[in-house]
file structure24.txt (compact mmCIF, C-alpha atoms)
# COMPACT_ATOMS: atom_id res chain seq x y z
CA MET A 1 6.41 -4.24 -48.02
CA LYS A 2 7.77 -1.53 -45.74
CA THR A 3 5.87 1.13 -47.68
CA ILE A 4 2.60 -0.79 -47.31
CA ASN A 5 3.15 -1.12 -43.54
CA LEU A 6 3.90 2.57 -43.21
CA LEU A 7 0.80 3.46 -45.21
CA SER A 8 -1.30 1.16 -43.01
CA VAL A 9 -0.03 2.86 -39.86
CA LEU A 10 -0.71 6.29 -41.32
CA PHE A 11 -4.20 5.20 -42.37
CA ILE A 12 -5.02 3.91 -38.89
CA LEU A 13 -3.65 7.06 -37.22
CA THR A 14 -5.58 9.42 -39.47
CA THR A 15 -8.86 7.54 -39.16
CA LEU A 16 -8.78 7.15 -35.35
CA PRO A 17 -11.44 9.29 -33.72
CA VAL A 18 -10.03 12.27 -31.89
CA PHE A 19 -10.98 12.28 -28.23
CA ALA A 20 -10.81 15.68 -26.64
CA GLN A 21 -9.49 15.44 -23.11
CA HIS A 22 -11.15 18.59 -21.76
CA ASP A 23 -8.65 18.67 -18.92
CA ALA A 24 -7.82 22.38 -19.20
CA GLY A 25 -8.97 24.54 -16.35
CA THR A 26 -8.65 27.88 -14.64
CA ALA A 27 -7.42 27.33 -11.13
CA HIS A 28 -8.84 29.52 -8.37
CA ASP A 29 -6.67 32.08 -6.66
CA LYS A 30 -6.72 33.23 -3.08
CA GLU A 31 -4.93 36.21 -1.60
CA GLY A 32 -2.88 36.55 -4.78
CA VAL A 33 -1.81 32.91 -4.80
CA VAL A 34 -3.03 30.32 -7.32
CA VAL A 35 -4.22 27.08 -5.77
CA PHE A 36 -3.68 23.81 -7.62
CA LEU A 37 -5.65 20.94 -6.17
CA GLU A 38 -5.91 17.77 -8.27
CA SER A 39 -4.35 19.79 -11.06
CA MET A 40 -0.97 21.08 -12.18
CA PRO A 41 0.11 24.43 -13.66
CA ALA A 42 -0.06 24.44 -17.46
CA ASN A 43 2.94 26.76 -17.63
CA GLN A 44 6.52 26.22 -16.55
CA TYR A 45 7.44 27.03 -12.99
CA ARG A 46 10.25 26.58 -10.55
CA HIS A 47 9.93 24.84 -7.22
CA LEU A 48 10.83 27.03 -4.24
CA GLY A 49 10.11 24.67 -1.38
CA THR A 50 7.39 22.85 0.49
CA VAL A 51 4.98 23.91 3.20
CA GLN A 52 3.20 21.91 5.88
CA CYS A 53 0.19 22.77 8.00
CA SER A 54 0.51 23.37 11.72
CA ALA A 55 -1.09 21.21 14.42
CA VAL A 56 -3.87 23.69 15.00
CA SER A 57 -5.37 24.02 11.53
CA PRO A 58 -8.88 24.84 10.31
CA ASP A 59 -11.28 22.03 9.43
CA LYS A 60 -12.85 23.64 6.35
CA ILE A 61 -11.19 23.72 2.94
CA GLU A 62 -11.13 27.46 2.20
CA PRO A 63 -9.77 28.50 5.64
CA MET A 64 -7.26 25.65 5.40
CA ILE A 65 -5.98 26.99 2.08
CA SER A 66 -5.61 30.45 3.65
CA HIS A 67 -3.75 28.82 6.55
CA MET A 68 -1.36 27.13 4.12
CA ILE A 69 -0.74 30.40 2.26
CA LYS A 70 0.05 32.05 5.59
CA GLN A 71 2.38 29.17 6.50
CA ALA A 72 4.15 29.45 3.13
CA ARG A 73 4.61 33.20 3.58
CA LYS A 74 6.55 32.56 6.78
CA THR A 75 9.40 31.16 4.71
CA HIS A 76 8.84 32.62 1.23
CA GLU A 77 8.02 36.27 0.74
CA GLU A 78 7.16 35.91 -2.95
CA PHE A 79 5.61 32.97 -4.71
CA ASP A 80 2.84 32.49 -7.26
CA ALA A 81 1.15 29.23 -6.46
CA LEU A 82 0.72 26.30 -4.13
CA ILE A 83 0.42 22.81 -5.58
CA PHE A 84 -1.26 20.53 -3.06
CA ARG A 85 0.12 17.01 -3.04
CA SER A 86 -2.08 13.95 -3.48
CA ASN A 87 -2.72 11.79 -0.42
CA LYS A 88 -1.54 14.51 1.96
CA GLY A 89 -4.93 16.07 2.57
CA LEU A 90 -4.38 19.81 2.59
CA CYS A 91 -1.41 19.56 4.91
CA LYS A 92 1.43 19.57 2.41
CA ALA A 93 2.00 21.69 -0.68
CA ASP A 94 4.75 22.72 -3.03
CA ILE A 95 5.54 26.43 -3.17
CA VAL A 96 6.19 27.50 -6.76
CA GLN A 97 6.99 30.55 -8.81
CA TYR A 98 6.57 31.04 -12.55
CA PHE A 99 9.51 32.07 -14.68
CA ARG A 100 9.37 35.81 -15.04
CA ASP A 101 9.43 37.77 -18.27
CA PRO A 102 12.28 40.21 -17.49
CA LYS A 103 10.57 42.95 -19.51
CA ALA A 104 7.20 42.55 -17.86
CA LYS A 105 6.04 44.81 -15.07
CA ARG A 106 5.30 43.17 -11.76
CA SER A 107 1.58 42.71 -11.39
CA ARG A 108 1.26 41.78 -7.76
CA SER A 109 0.48 44.81 -5.73
CA ARG A 110 2.41 45.27 -2.52
CA GLY A 111 1.01 48.73 -1.92
CA ARG A 112 -2.09 49.36 0.13
CA SER A 113 -3.06 46.43 2.31
CA ASP A 114 -6.74 46.67 1.29
CA GLU A 115 -5.94 46.19 -2.41
CA VAL A 116 -6.92 42.78 -3.80
CA PRO A 117 -3.79 41.21 -5.29
CA THR A 118 -4.15 40.45 -8.99
CA VAL A 119 -2.98 37.26 -10.61
CA LYS A 120 -1.98 36.98 -14.25
CA PRO A 121 -4.53 34.84 -16.12
CA GLU A 122 -1.82 32.59 -17.56
CA TYR A 123 -0.70 31.71 -14.03
CA LYS A 124 -4.11 30.18 -13.41
CA MET A 125 -4.07 27.91 -16.44
CA SER A 126 -4.14 24.33 -15.25
CA LYS A 127 -4.16 20.75 -16.43
CA LEU A 128 -6.21 18.23 -14.49
CA ARG A 129 -5.05 14.98 -12.99
CA MET A 130 -7.77 12.47 -13.86
CA ARG A 131 -9.47 10.78 -10.94
CA LYS A 132 -10.64 7.24 -11.62
CA GLY A 133 -11.21 8.13 -15.28
CA THR A 134 -13.23 11.23 -14.43
CA ASN A 135 -12.32 14.89 -14.89
CA LEU A 136 -12.69 16.36 -11.41
CA PHE A 137 -12.49 20.13 -11.16
CA ILE A 138 -11.84 21.21 -7.59
CA GLN A 139 -10.88 24.81 -6.80
CA ASN A 140 -10.86 24.99 -10.58
CA ASN A 141 -13.22 25.87 -13.47
CA PRO A 142 -13.30 24.10 -16.84
CA THR A 143 -11.90 26.13 -19.72
CA ASP A 144 -13.93 24.47 -22.48
CA PRO A 145 -17.62 25.38 -22.93
CA TYR A 146 -20.09 22.98 -21.35
CA THR A 147 -23.71 22.35 -20.46
CA LEU A 148 -24.90 21.57 -16.97
CA LEU A 149 -26.41 18.09 -16.65
CA GLY A 150 -27.37 18.43 -13.01
CA LYS A 151 -26.18 18.70 -9.43
CA VAL A 152 -25.19 16.02 -6.92
CA GLU A 153 -24.50 15.91 -3.22
CA ILE A 154 -22.70 13.39 -0.99
CA PRO A 155 -25.22 11.74 1.39
CA THR A 156 -25.04 12.96 5.00
CA LYS A 157 -24.37 9.41 6.23
CA PHE A 158 -20.97 9.63 4.54
CA LYS A 159 -18.98 11.11 7.40
CA SER A 160 -15.34 11.04 6.37
CA SER A 161 -13.51 14.34 6.02
CA ASN A 162 -10.56 12.67 4.33
CA LEU A 163 -10.07 14.61 1.09
CA GLU A 164 -9.24 11.52 -0.98
CA SER A 165 -12.36 9.71 0.28
CA LEU A 166 -14.53 12.77 -0.35
CA MET A 167 -13.25 13.15 -3.91
CA ASP A 168 -13.77 9.43 -4.62
CA GLU A 169 -17.27 9.61 -3.19
CA ILE A 170 -18.36 12.70 -5.15
CA VAL A 171 -17.06 11.04 -8.34
CA ARG A 172 -18.92 7.84 -7.48
CA VAL A 173 -22.17 9.69 -6.74
CA ALA A 174 -21.81 11.76 -9.93
CA ASN A 175 -21.14 8.75 -12.15
CA GLU A 176 -24.06 6.89 -10.64
CA ALA A 177 -26.48 9.77 -11.23
CA TYR A 178 -25.09 10.91 -14.60
CA PRO A 179 -23.17 8.04 -16.23
CA ASP A 180 -22.64 10.02 -19.46
CA ASN A 181 -21.02 13.03 -17.75
CA ASP A 182 -17.77 14.53 -18.98
CA ALA A 183 -16.69 16.16 -15.74
CA VAL A 184 -17.50 16.85 -12.13
CA VAL A 185 -17.10 20.44 -10.91
CA VAL A 186 -16.94 20.70 -7.12
CA VAL A 187 -18.92 23.61 -5.70
CA GLY A 188 -16.72 25.88 -3.56
CA GLY A 189 -17.49 26.29 0.13
CA THR A 190 -19.13 22.86 0.43
CA ASN A 191 -16.08 20.88 1.62
CA VAL A 192 -16.30 18.73 -1.54
CA ARG A 193 -19.84 17.60 -0.67
CA LYS A 194 -21.63 19.20 -3.65
CA ALA A 195 -20.81 19.26 -7.34
CA ASN A 196 -22.15 20.34 -10.71
CA ILE A 197 -22.10 17.63 -13.35
CA ILE A 198 -21.32 18.78 -16.85
CA LYS A 199 -21.03 17.70 -20.47
CA PHE A 200 -18.65 19.51 -22.80
CA LYS A 201 -20.09 21.02 -25.99
CA MET B 1 -11.94 -4.15 13.17
CA THR B 2 -9.95 -2.97 10.19
CA PHE B 3 -9.41 0.61 9.01
CA ASP B 4 -7.09 1.72 6.21
CA ASP B 5 -5.61 -1.81 6.13
CA VAL B 6 -4.84 -1.66 9.85
CA THR B 7 -6.52 -4.32 11.99
CA MET B 8 -6.97 -3.44 15.64
CA PRO B 9 -6.31 -6.51 17.82
CA ALA B 10 -9.44 -7.81 19.54
CA GLU B 11 -7.60 -8.06 22.85
CA TYR B 12 -4.96 -6.18 24.81
CA LYS B 13 -3.01 -7.72 27.68
CA LEU B 14 -2.41 -5.25 30.48
CA ASN B 15 -0.23 -7.06 32.99
CA GLU B 16 -2.25 -10.17 33.80
CA GLN B 17 -5.55 -8.72 32.67
CA SER B 18 -7.15 -9.21 29.33
CA LEU B 19 -8.89 -6.11 27.95
CA LYS B 20 -11.34 -6.35 25.04
CA LEU B 21 -11.56 -3.96 22.10
CA ASN B 22 -14.59 -1.80 22.89
CA GLY B 23 -14.45 0.05 19.57
CA ALA B 24 -12.17 1.89 17.20
CA GLY B 25 -12.11 4.63 14.61
CA VAL B 26 -10.00 6.91 12.50
CA ARG B 27 -8.61 10.23 13.66
CA GLU B 28 -9.00 12.62 10.75
CA LYS B 29 -7.48 16.06 10.51
CA PHE B 30 -6.05 18.26 7.77
CA PHE B 31 -8.42 16.31 5.43
CA LEU B 32 -6.52 13.06 5.83
CA ASP B 33 -6.40 10.02 8.12
CA LEU B 34 -3.79 10.43 10.86
CA TYR B 35 -4.12 7.42 13.14
CA ILE B 36 -6.41 4.57 14.10
CA GLY B 37 -7.53 4.75 17.71
CA GLY B 38 -8.93 1.81 19.70
CA LEU B 39 -10.34 1.69 23.22
CA TYR B 40 -9.78 -1.44 25.32
CA LEU B 41 -11.90 -2.15 28.41
CA GLN B 42 -12.62 -5.00 30.82
CA SER B 43 -16.29 -4.98 29.86
CA PRO B 44 -18.15 -3.27 27.01
CA SER B 45 -19.33 0.32 27.48
CA THR B 46 -21.07 2.99 25.41
CA SER B 47 -20.78 5.66 28.10
CA ALA B 48 -17.98 8.19 27.63
CA ASP B 49 -18.48 9.54 31.14
CA GLY B 50 -18.52 6.01 32.55
CA VAL B 51 -15.19 5.19 30.93
CA ILE B 52 -13.57 8.48 31.94
CA LYS B 53 -14.65 8.13 35.58
CA ALA B 54 -13.88 4.41 35.95
CA ASP B 55 -10.88 3.64 38.17
CA LYS B 56 -10.32 0.38 36.31
CA PRO B 57 -7.71 -0.99 33.93
CA MET B 58 -8.16 0.32 30.39
CA SER B 59 -6.11 1.30 27.40
CA ILE B 60 -6.17 3.41 24.25
CA LYS B 61 -4.14 2.22 21.28
CA LEU B 62 -2.99 4.72 18.64
CA HIS B 63 -1.69 3.26 15.38
CA ILE B 64 -0.03 5.99 13.28
CA ILE B 65 -0.93 5.82 9.59
CA SER B 66 0.20 9.21 8.30
CA GLY B 67 3.70 10.50 7.78
CA LEU B 68 2.37 13.99 8.41
CA ILE B 69 2.17 13.41 12.15
CA ASP B 70 5.37 14.60 13.71
CA SER B 71 6.45 15.07 17.27
CA ASP B 72 5.72 18.83 17.26
CA LYS B 73 2.20 18.37 15.89
CA MET B 74 1.46 15.62 18.40
CA ILE B 75 2.71 17.70 21.32
CA ASP B 76 0.67 20.73 20.19
CA ALA B 77 -2.36 18.46 19.83
CA ILE B 78 -1.86 17.17 23.42
CA ASP B 79 -1.94 20.76 24.75
CA ASP B 80 -5.07 21.48 22.74
CA GLY B 81 -6.74 18.20 23.75
CA MET B 82 -5.93 18.58 27.47
CA ASP B 83 -7.26 22.10 27.42
CA LYS B 84 -10.56 20.90 25.97
CA ALA B 85 -10.77 17.84 28.25
CA THR B 86 -10.28 19.98 31.37
CA LYS B 87 -12.41 22.88 30.07
CA GLY B 88 -9.43 25.23 30.21
CA ASN B 89 -8.07 24.03 33.58
CA SER B 90 -5.17 21.93 32.33
CA SER B 91 -2.60 23.90 34.37
CA GLN B 92 -3.40 21.71 37.42
CA PHE B 93 -1.75 18.86 35.49
CA SER B 94 1.22 20.80 34.16
CA ASN B 95 3.83 18.35 35.54
CA GLU B 96 1.90 15.32 34.32
CA ILE B 97 1.44 16.88 30.86
CA ILE B 98 5.20 17.50 30.58
CA ALA B 99 5.79 13.85 31.46
CA PHE B 100 3.15 12.68 28.99
CA LYS B 101 4.62 14.75 26.16
CA LYS B 102 8.00 13.06 26.68
CA ALA B 103 6.47 9.88 25.28
CA PHE B 104 6.03 11.68 21.94
CA GLU B 105 9.36 13.53 21.79
CA GLU B 106 11.07 10.84 19.71
CA GLU B 107 10.54 10.93 15.95
CA ILE B 108 7.13 9.53 14.99
CA GLN B 109 6.88 7.23 11.98
CA VAL B 110 4.10 5.53 10.04
CA GLY B 111 3.37 2.20 11.73
CA ASP B 112 4.31 3.36 15.23
CA ILE B 113 1.92 2.12 17.90
CA TYR B 114 1.31 3.93 21.18
CA ASP B 115 -0.50 2.14 24.02
CA ILE B 116 -1.79 4.60 26.59
CA THR B 117 -2.79 2.33 29.44
CA TYR B 118 -4.28 2.92 32.87
CA ASP B 119 -3.63 0.52 35.72
CA PRO B 120 -5.12 1.65 39.09
CA SER B 121 -2.08 0.33 40.94
CA LYS B 122 0.44 2.29 38.83
CA GLY B 123 -1.36 5.12 37.05
CA THR B 124 -1.01 5.95 33.38
CA VAL B 125 1.66 3.93 31.62
CA ILE B 126 2.61 4.69 28.01
CA TYR B 127 4.29 2.26 25.66
CA LYS B 128 5.70 3.04 22.23
CA ASN B 129 5.94 -0.05 20.04
CA THR B 130 5.55 -2.19 23.22
CA LYS B 131 8.50 -0.42 24.91
CA LEU B 132 7.66 1.38 28.17
CA THR B 133 8.31 5.10 27.85
CA THR B 134 6.53 6.92 30.69
CA THR B 135 4.61 6.23 33.90
CA ILE B 136 2.43 8.97 35.38
CA PRO B 137 0.70 8.29 38.69
CA GLY B 138 -2.74 9.68 39.55
CA PHE B 139 -6.37 8.89 38.82
CA ASP B 140 -7.27 12.56 38.25
CA PHE B 141 -4.77 12.82 35.42
CA LYS B 142 -6.08 9.60 33.85
CA GLN B 143 -9.57 11.11 33.75
CA ALA B 144 -8.31 14.23 32.00
CA LEU B 145 -6.13 12.24 29.61
CA PHE B 146 -8.83 9.81 28.48
CA GLY B 147 -11.04 12.90 28.13
CA ILE B 148 -8.91 13.99 25.15
CA TRP B 149 -10.69 11.31 23.11
CA LEU B 150 -13.90 10.89 25.10
CA CYS B 151 -14.93 14.29 26.54
CA ASP B 152 -17.81 16.44 25.23
CA ASP B 153 -15.38 18.30 22.93
CA PRO B 154 -13.22 15.36 21.82
CA ALA B 155 -10.28 15.25 19.42
CA ASP B 156 -12.60 13.71 16.82
CA GLU B 157 -16.35 13.10 17.20
CA ASP B 158 -16.40 10.13 14.83
CA LEU B 159 -13.42 8.53 16.55
CA LYS B 160 -15.17 8.93 19.92
CA GLU B 161 -18.30 7.31 18.49
CA GLY B 162 -16.20 4.48 17.09
CA MET B 163 -14.40 3.86 20.39
CA LEU B 164 -17.70 3.66 22.26
CA LYS B 165 -19.35 1.01 20.07
CA GLY B 166 -19.45 -1.26 23.14

call {"tool": "encode", "arguments": {"input": "structure24.txt", "output": "C-alpha cells"}}
result
Amino acid sequence: MKTINLLSVLFILTTLPVFAQHDAGTAHDKEGVVVFLESMPANQYRHLGTVQCSAVSPDKIEPMISHMIKQARKTHEEFDALIFRSNKGLCKADIVQYFRDPKAKRSRSRGRSDEVPTVKPEYKMSKLRMRKGTNLFIQNNPTDPYTLLGKVEIPTKFKSSNLESLMDEIVRVANEAYPDNDAVVVVGGTNVRKANIIKFK
Amino acid sequence: MTFDDVTMPAEYKLNEQSLKLNGAGVREKFFLDLYIGGLYLQSPSTSADGVIKADKPMSIKLHIISGLIDSDKMIDAIDDGMDKATKGNSSQFSNEIIAFKKAFEEEIQVGDIYDITYDPSKGTVIYKNTKLTTTIPGFDFKQALFGIWLCDDPADEDLKEGMLKG
C-alpha cells in the first residue's frame, strides 16, 4: 500500500507542469553601488548597517538613490549594495557587502576620481519580490529573454508620489492593458510612471 | 475624510469655538506618506492668501503616519518651510521659530497628533496629543507659520490643495 502511495506521489510530481518563475534580474548600479529595489541579492552578503535619508532629500528617484549612497558613505567607507526596504519609500536601506574571495583582486577603483567604478556582474544578480502576483522589475533588468508586448504609462490624474502606490498603480495599469503579460519593467528616469510590458520567451 | 486609515475629525474645538474641517491631504516625501494634514476654519475657504492673512481662530492638525519622521527631520523641515514661507526672510522670526521647534523636540511616534492652533487673543498655541506644549504670541508669526503649508511654495502642493477644498 505504501509503495503504491509513494508511486502516486512521484507520478503527480513528475507530471506537474513546470512553471518558470522568471524572477532573475540584473540590478542597476550607481556610483559603484548596486541598488536593490523590490528585489534581493541572489548571492550571499553580510549586513553592515542601515541608512536613512535626511530631511532635505531630492524628490526624484535617481537623485534620491544618489543621496542615499552619499548618506551611507558617511558611515561606511566600503560597501557593495543598498537594499531598499519595502514600505519605507526610498528613505531607509540596508547597507551590505558581499563575502570576498580572498584570492580575488579588488575591482572597485579608488584611484582617479573621474574613473567610473566597476561592479562585478555577480554582485548585480538579483531575485525579485513579487508584487501582487506580478514580476515588477524596477532599477532592474530581466535576465531571461523576452519579447516586448507594449508600453504603459500612469495617467496624469494619479498624483501620488508614494512609491508603494506608484508601483501598485503601474502594475494595475499594465495588467489592465496586457492581461497576459509576464512582467512589468519600469523605465528609468520616469519616477515609476512608465513601464515596458514583456512576455518571456 | 479618511486617508491611509486615518479619519480627520469633522470638527475641532478651539476654546469655546467650533472650527470645521476645511480640507485635508497627505504630506508625501521620500516617496512615502509622512502625515495627514487637516485645516480647520470657522467658515469654508479656498483662498490660501485669505487663510494666511485672516486674524481669526484656525487650526492645522498633523497626524503622523510614518515612523520615518523623527524630531531632527521635523526640525529641519520647519527651517526649510519657514524659509520658503517668508521668501528667505525667516530671521525676523528667529525667537519664535526656536520656540516652535521646541514642540517637536520630544521623540515623534506613529499616531502622534499635533494641533497647531491660532487664537487671536493668545497667538499660536501648539498641542501634542491634546497636551499644550508651546504658546507663541504674534499675528505676523502666525501668517508665516501657516504659510509653510499654504504659501506659493508650500511643503506639499497636493496637501495644500487638499486643505483648501472649502

call {"tool": "residues_around", "arguments": {"input": "structure24.txt", "residues": "region 182-193 of chain A", "least_positions_apart": "4", "cutoff": "8 Å", "atoms": "all atoms listed in the file", "output": "ChimeraX atom specification"}}
result
/A:60-62,134-142,153-154,163,166-167,170-171,174,197-200

call {"tool": "atom_distance", "arguments": {"input": "structure24.txt", "atom1": "CA of Ser161 (chain A)", "atom2": "CA of Phe3 (chain B)"}}
result
14.6 Å

call {"tool": "interface_residues", "arguments": {"input": "structure24.txt", "of": "chain B", "to": "chain A", "cutoff": "8 Å", "atoms": "all atoms listed in the file", "output": "list of chain:residue names"}}
result
B:Glu28, B:Lys29, B:Phe30, B:Phe31, B:Leu32, B:Asp33, B:Leu68, B:Asp72, B:Lys73, B:Met74, B:Asp76, B:Ala77, B:Asp158

call {"tool": "closest_residue", "arguments": {"input": "structure24.txt", "among": "B:Asp153, B:Asp70, B:Glu11, B:Glu161", "to": "Phe104 (chain B)", "atoms": "all atoms listed in the file"}}
result
B:Asp70

call {"tool": "atom_distance", "arguments": {"input": "structure24.txt", "atom1": "CA of Leu164 (chain B)", "atom2": "CA of Thr46 (chain B)"}}
result
4.7 Å

call {"tool": "atom_distance", "arguments": {"input": "structure24.txt", "atom1": "CA of Val110 (chain B)", "atom2": "CA of Gln17 (chain B)"}}
result
28.4 Å

call {"tool": "residues_around", "arguments": {"input": "structure24.txt", "residues": "Thr86 (chain B)", "least_positions_apart": "2", "cutoff": "9 Å", "atoms": "only C-alpha atoms", "output": "ChimeraX atom specification"}}
result
/B:81-84,88-90,144-145,147-148,151

call {"tool": "residues_around", "arguments": {"input": "structure24.txt", "residues": "Gly123 (chain B)", "least_positions_apart": "3", "cutoff": "9 Å", "atoms": "only C-alpha atoms", "output": "list in words"}}
result
Thr117, Tyr118, Asp119, Pro120, Thr135, Ile136, Pro137, Gly138, Phe139, Phe141 and Lys142 of chain B

call {"tool": "residues_around", "arguments": {"input": "structure24.txt", "residues": "Ile60 (chain B)", "least_positions_apart": "5", "cutoff": "8 Å", "atoms": "all atoms listed in the file", "output": "list of chain:residue names"}}
result
B:Gly37, B:Gly38, B:Leu39, B:Tyr40, B:Asp115, B:Ile116, B:Thr117

call {"tool": "residues_around", "arguments": {"input": "structure24.txt", "residues": "Val51 (chain A)", "least_positions_apart": "6", "cutoff": "8 Å", "atoms": "only C-alpha atoms", "output": "MDAnalysis selection string"}}
result
chainID A and resid 68 71:72 91:95

call {"tool": "residues_near_point", "arguments": {"input": "structure24.txt", "point": "(-2.1, 23.2, -13.9)", "cutoff": "12 Å", "atoms": "all atoms listed in the file", "output": "PDB file with C-alpha atoms, in the coordinates of the input"}}
result
ATOM      1  CA  ASP A  23      -8.650  18.670 -18.920  1.00  0.00           C
ATOM      2  CA  ALA A  24      -7.820  22.380 -19.200  1.00  0.00           C
ATOM      3  CA  GLY A  25      -8.970  24.540 -16.350  1.00  0.00           C
ATOM      4  CA  THR A  26      -8.650  27.880 -14.640  1.00  0.00           C
ATOM      5  CA  ALA A  27      -7.420  27.330 -11.130  1.00  0.00           C
ATOM      6  CA  HIS A  28      -8.840  29.520  -8.370  1.00  0.00           C
ATOM      7  CA  VAL A  34      -3.030  30.320  -7.320  1.00  0.00           C
ATOM      8  CA  VAL A  35      -4.220  27.080  -5.770  1.00  0.00           C
ATOM      9  CA  PHE A  36      -3.680  23.810  -7.620  1.00  0.00           C
ATOM     10  CA  LEU A  37      -5.650  20.940  -6.170  1.00  0.00           C
ATOM     11  CA  GLU A  38      -5.910  17.770  -8.270  1.00  0.00           C
ATOM     12  CA  SER A  39      -4.350  19.790 -11.060  1.00  0.00           C
ATOM     13  CA  MET A  40      -0.970  21.080 -12.180  1.00  0.00           C
ATOM     14  CA  PRO A  41       0.110  24.430 -13.660  1.00  0.00           C
ATOM     15  CA  ALA A  42      -0.060  24.440 -17.460  1.00  0.00           C
ATOM     16  CA  ASN A  43       2.940  26.760 -17.630  1.00  0.00           C
ATOM     17  CA  GLN A  44       6.520  26.220 -16.550  1.00  0.00           C
ATOM     18  CA  TYR A  45       7.440  27.030 -12.990  1.00  0.00           C
ATOM     19  CA  ALA A  81       1.150  29.230  -6.460  1.00  0.00           C
ATOM     20  CA  LEU A  82       0.720  26.300  -4.130  1.00  0.00           C
ATOM     21  CA  ILE A  83       0.420  22.810  -5.580  1.00  0.00           C
ATOM     22  CA  PHE A  84      -1.260  20.530  -3.060  1.00  0.00           C
ATOM     23  CA  VAL A  96       6.190  27.500  -6.760  1.00  0.00           C
ATOM     24  CA  TYR A  98       6.570  31.040 -12.550  1.00  0.00           C
ATOM     25  CA  GLU A 122      -1.820  32.590 -17.560  1.00  0.00           C
ATOM     26  CA  TYR A 123      -0.700  31.710 -14.030  1.00  0.00           C
ATOM     27  CA  LYS A 124      -4.110  30.180 -13.410  1.00  0.00           C
ATOM     28  CA  MET A 125      -4.070  27.910 -16.440  1.00  0.00           C
ATOM     29  CA  SER A 126      -4.140  24.330 -15.250  1.00  0.00           C
ATOM     30  CA  LYS A 127      -4.160  20.750 -16.430  1.00  0.00           C
ATOM     31  CA  LEU A 128      -6.210  18.230 -14.490  1.00  0.00           C
ATOM     32  CA  ARG A 129      -5.050  14.980 -12.990  1.00  0.00           C
ATOM     33  CA  PHE A 137     -12.490  20.130 -11.160  1.00  0.00           C
ATOM     34  CA  ILE A 138     -11.840  21.210  -7.590  1.00  0.00           C
ATOM     35  CA  GLN A 139     -10.880  24.810  -6.800  1.00  0.00           C
ATOM     36  CA  ASN A 140     -10.860  24.990 -10.580  1.00  0.00           C
ATOM     37  CA  ASN A 141     -13.220  25.870 -13.470  1.00  0.00           C
ATOM     38  CA  PRO A 142     -13.300  24.100 -16.840  1.00  0.00           C
ATOM     39  CA  THR A 143     -11.900  26.130 -19.720  1.00  0.00           C
TER      40      THR A 143
END

call {"tool": "closest_residue", "arguments": {"input": "structure24.txt", "among": "B:Gly111, B:Gly166, B:Met1, B:Leu132", "to": "Gln42 (chain B)", "atoms": "all atoms listed in the file"}}
result
B:Gly166

call {"tool": "build_atoms", "arguments": {"input": "structure24.txt", "residues": "region 68-80 of chain A", "atoms": "N, CA and C atoms", "output": "PDB file, in the frame of the given file"}}
result
ATOM      1  N   MET A  68      -2.561  27.612   4.814  1.00  0.00           N
ATOM      2  CA  MET A  68      -1.360  27.130   4.120  1.00  0.00           C
ATOM      3  C   MET A  68      -0.617  28.275   3.431  1.00  0.00           C
ATOM      4  N   ILE A  69      -1.381  29.231   2.897  1.00  0.00           N
ATOM      5  CA  ILE A  69      -0.740  30.400   2.260  1.00  0.00           C
ATOM      6  C   ILE A  69       0.030  31.185   3.330  1.00  0.00           C
ATOM      7  N   LYS A  70      -0.602  31.345   4.480  1.00  0.00           N
ATOM      8  CA  LYS A  70       0.050  32.050   5.590  1.00  0.00           C
ATOM      9  C   LYS A  70       1.319  31.296   6.024  1.00  0.00           C
ATOM     10  N   GLN A  71       1.216  29.981   6.115  1.00  0.00           N
ATOM     11  CA  GLN A  71       2.380  29.170   6.500  1.00  0.00           C
ATOM     12  C   GLN A  71       3.515  29.333   5.482  1.00  0.00           C
ATOM     13  N   ALA A  72       3.144  29.339   4.193  1.00  0.00           N
ATOM     14  CA  ALA A  72       4.150  29.450   3.130  1.00  0.00           C
ATOM     15  C   ALA A  72       4.831  30.822   3.176  1.00  0.00           C
ATOM     16  N   ARG A  73       4.046  31.838   3.537  1.00  0.00           N
ATOM     17  CA  ARG A  73       4.610  33.200   3.580  1.00  0.00           C
ATOM     18  C   ARG A  73       5.613  33.377   4.715  1.00  0.00           C
ATOM     19  N   LYS A  74       5.575  32.473   5.677  1.00  0.00           N
ATOM     20  CA  LYS A  74       6.550  32.560   6.780  1.00  0.00           C
ATOM     21  C   LYS A  74       7.964  32.309   6.268  1.00  0.00           C
ATOM     22  N   THR A  75       8.065  31.497   5.211  1.00  0.00           N
ATOM     23  CA  THR A  75       9.400  31.160   4.710  1.00  0.00           C
ATOM     24  C   THR A  75       9.688  31.751   3.326  1.00  0.00           C
ATOM     25  N   HIS A  76       8.644  32.099   2.588  1.00  0.00           N
ATOM     26  CA  HIS A  76       8.840  32.620   1.230  1.00  0.00           C
ATOM     27  C   HIS A  76       8.013  33.890   1.050  1.00  0.00           C
ATOM     28  N   GLU A  77       8.712  34.987   0.861  1.00  0.00           N
ATOM     29  CA  GLU A  77       8.020  36.270   0.740  1.00  0.00           C
ATOM     30  C   GLU A  77       7.219  36.331  -0.569  1.00  0.00           C
ATOM     31  N   GLU A  78       7.825  35.834  -1.643  1.00  0.00           N
ATOM     32  CA  GLU A  78       7.160  35.910  -2.950  1.00  0.00           C
ATOM     33  C   GLU A  78       7.050  34.551  -3.599  1.00  0.00           C
ATOM     34  N   PHE A  79       5.848  34.182  -3.928  1.00  0.00           N
ATOM     35  CA  PHE A  79       5.610  32.970  -4.710  1.00  0.00           C
ATOM     36  C   PHE A  79       4.287  33.141  -5.430  1.00  0.00           C
ATOM     37  N   ASP A  80       4.038  32.307  -6.440  1.00  0.00           N
ATOM     38  CA  ASP A  80       2.840  32.490  -7.260  1.00  0.00           C
ATOM     39  C   ASP A  80       1.750  31.478  -6.965  1.00  0.00           C
TER      40      ASP A  80
END
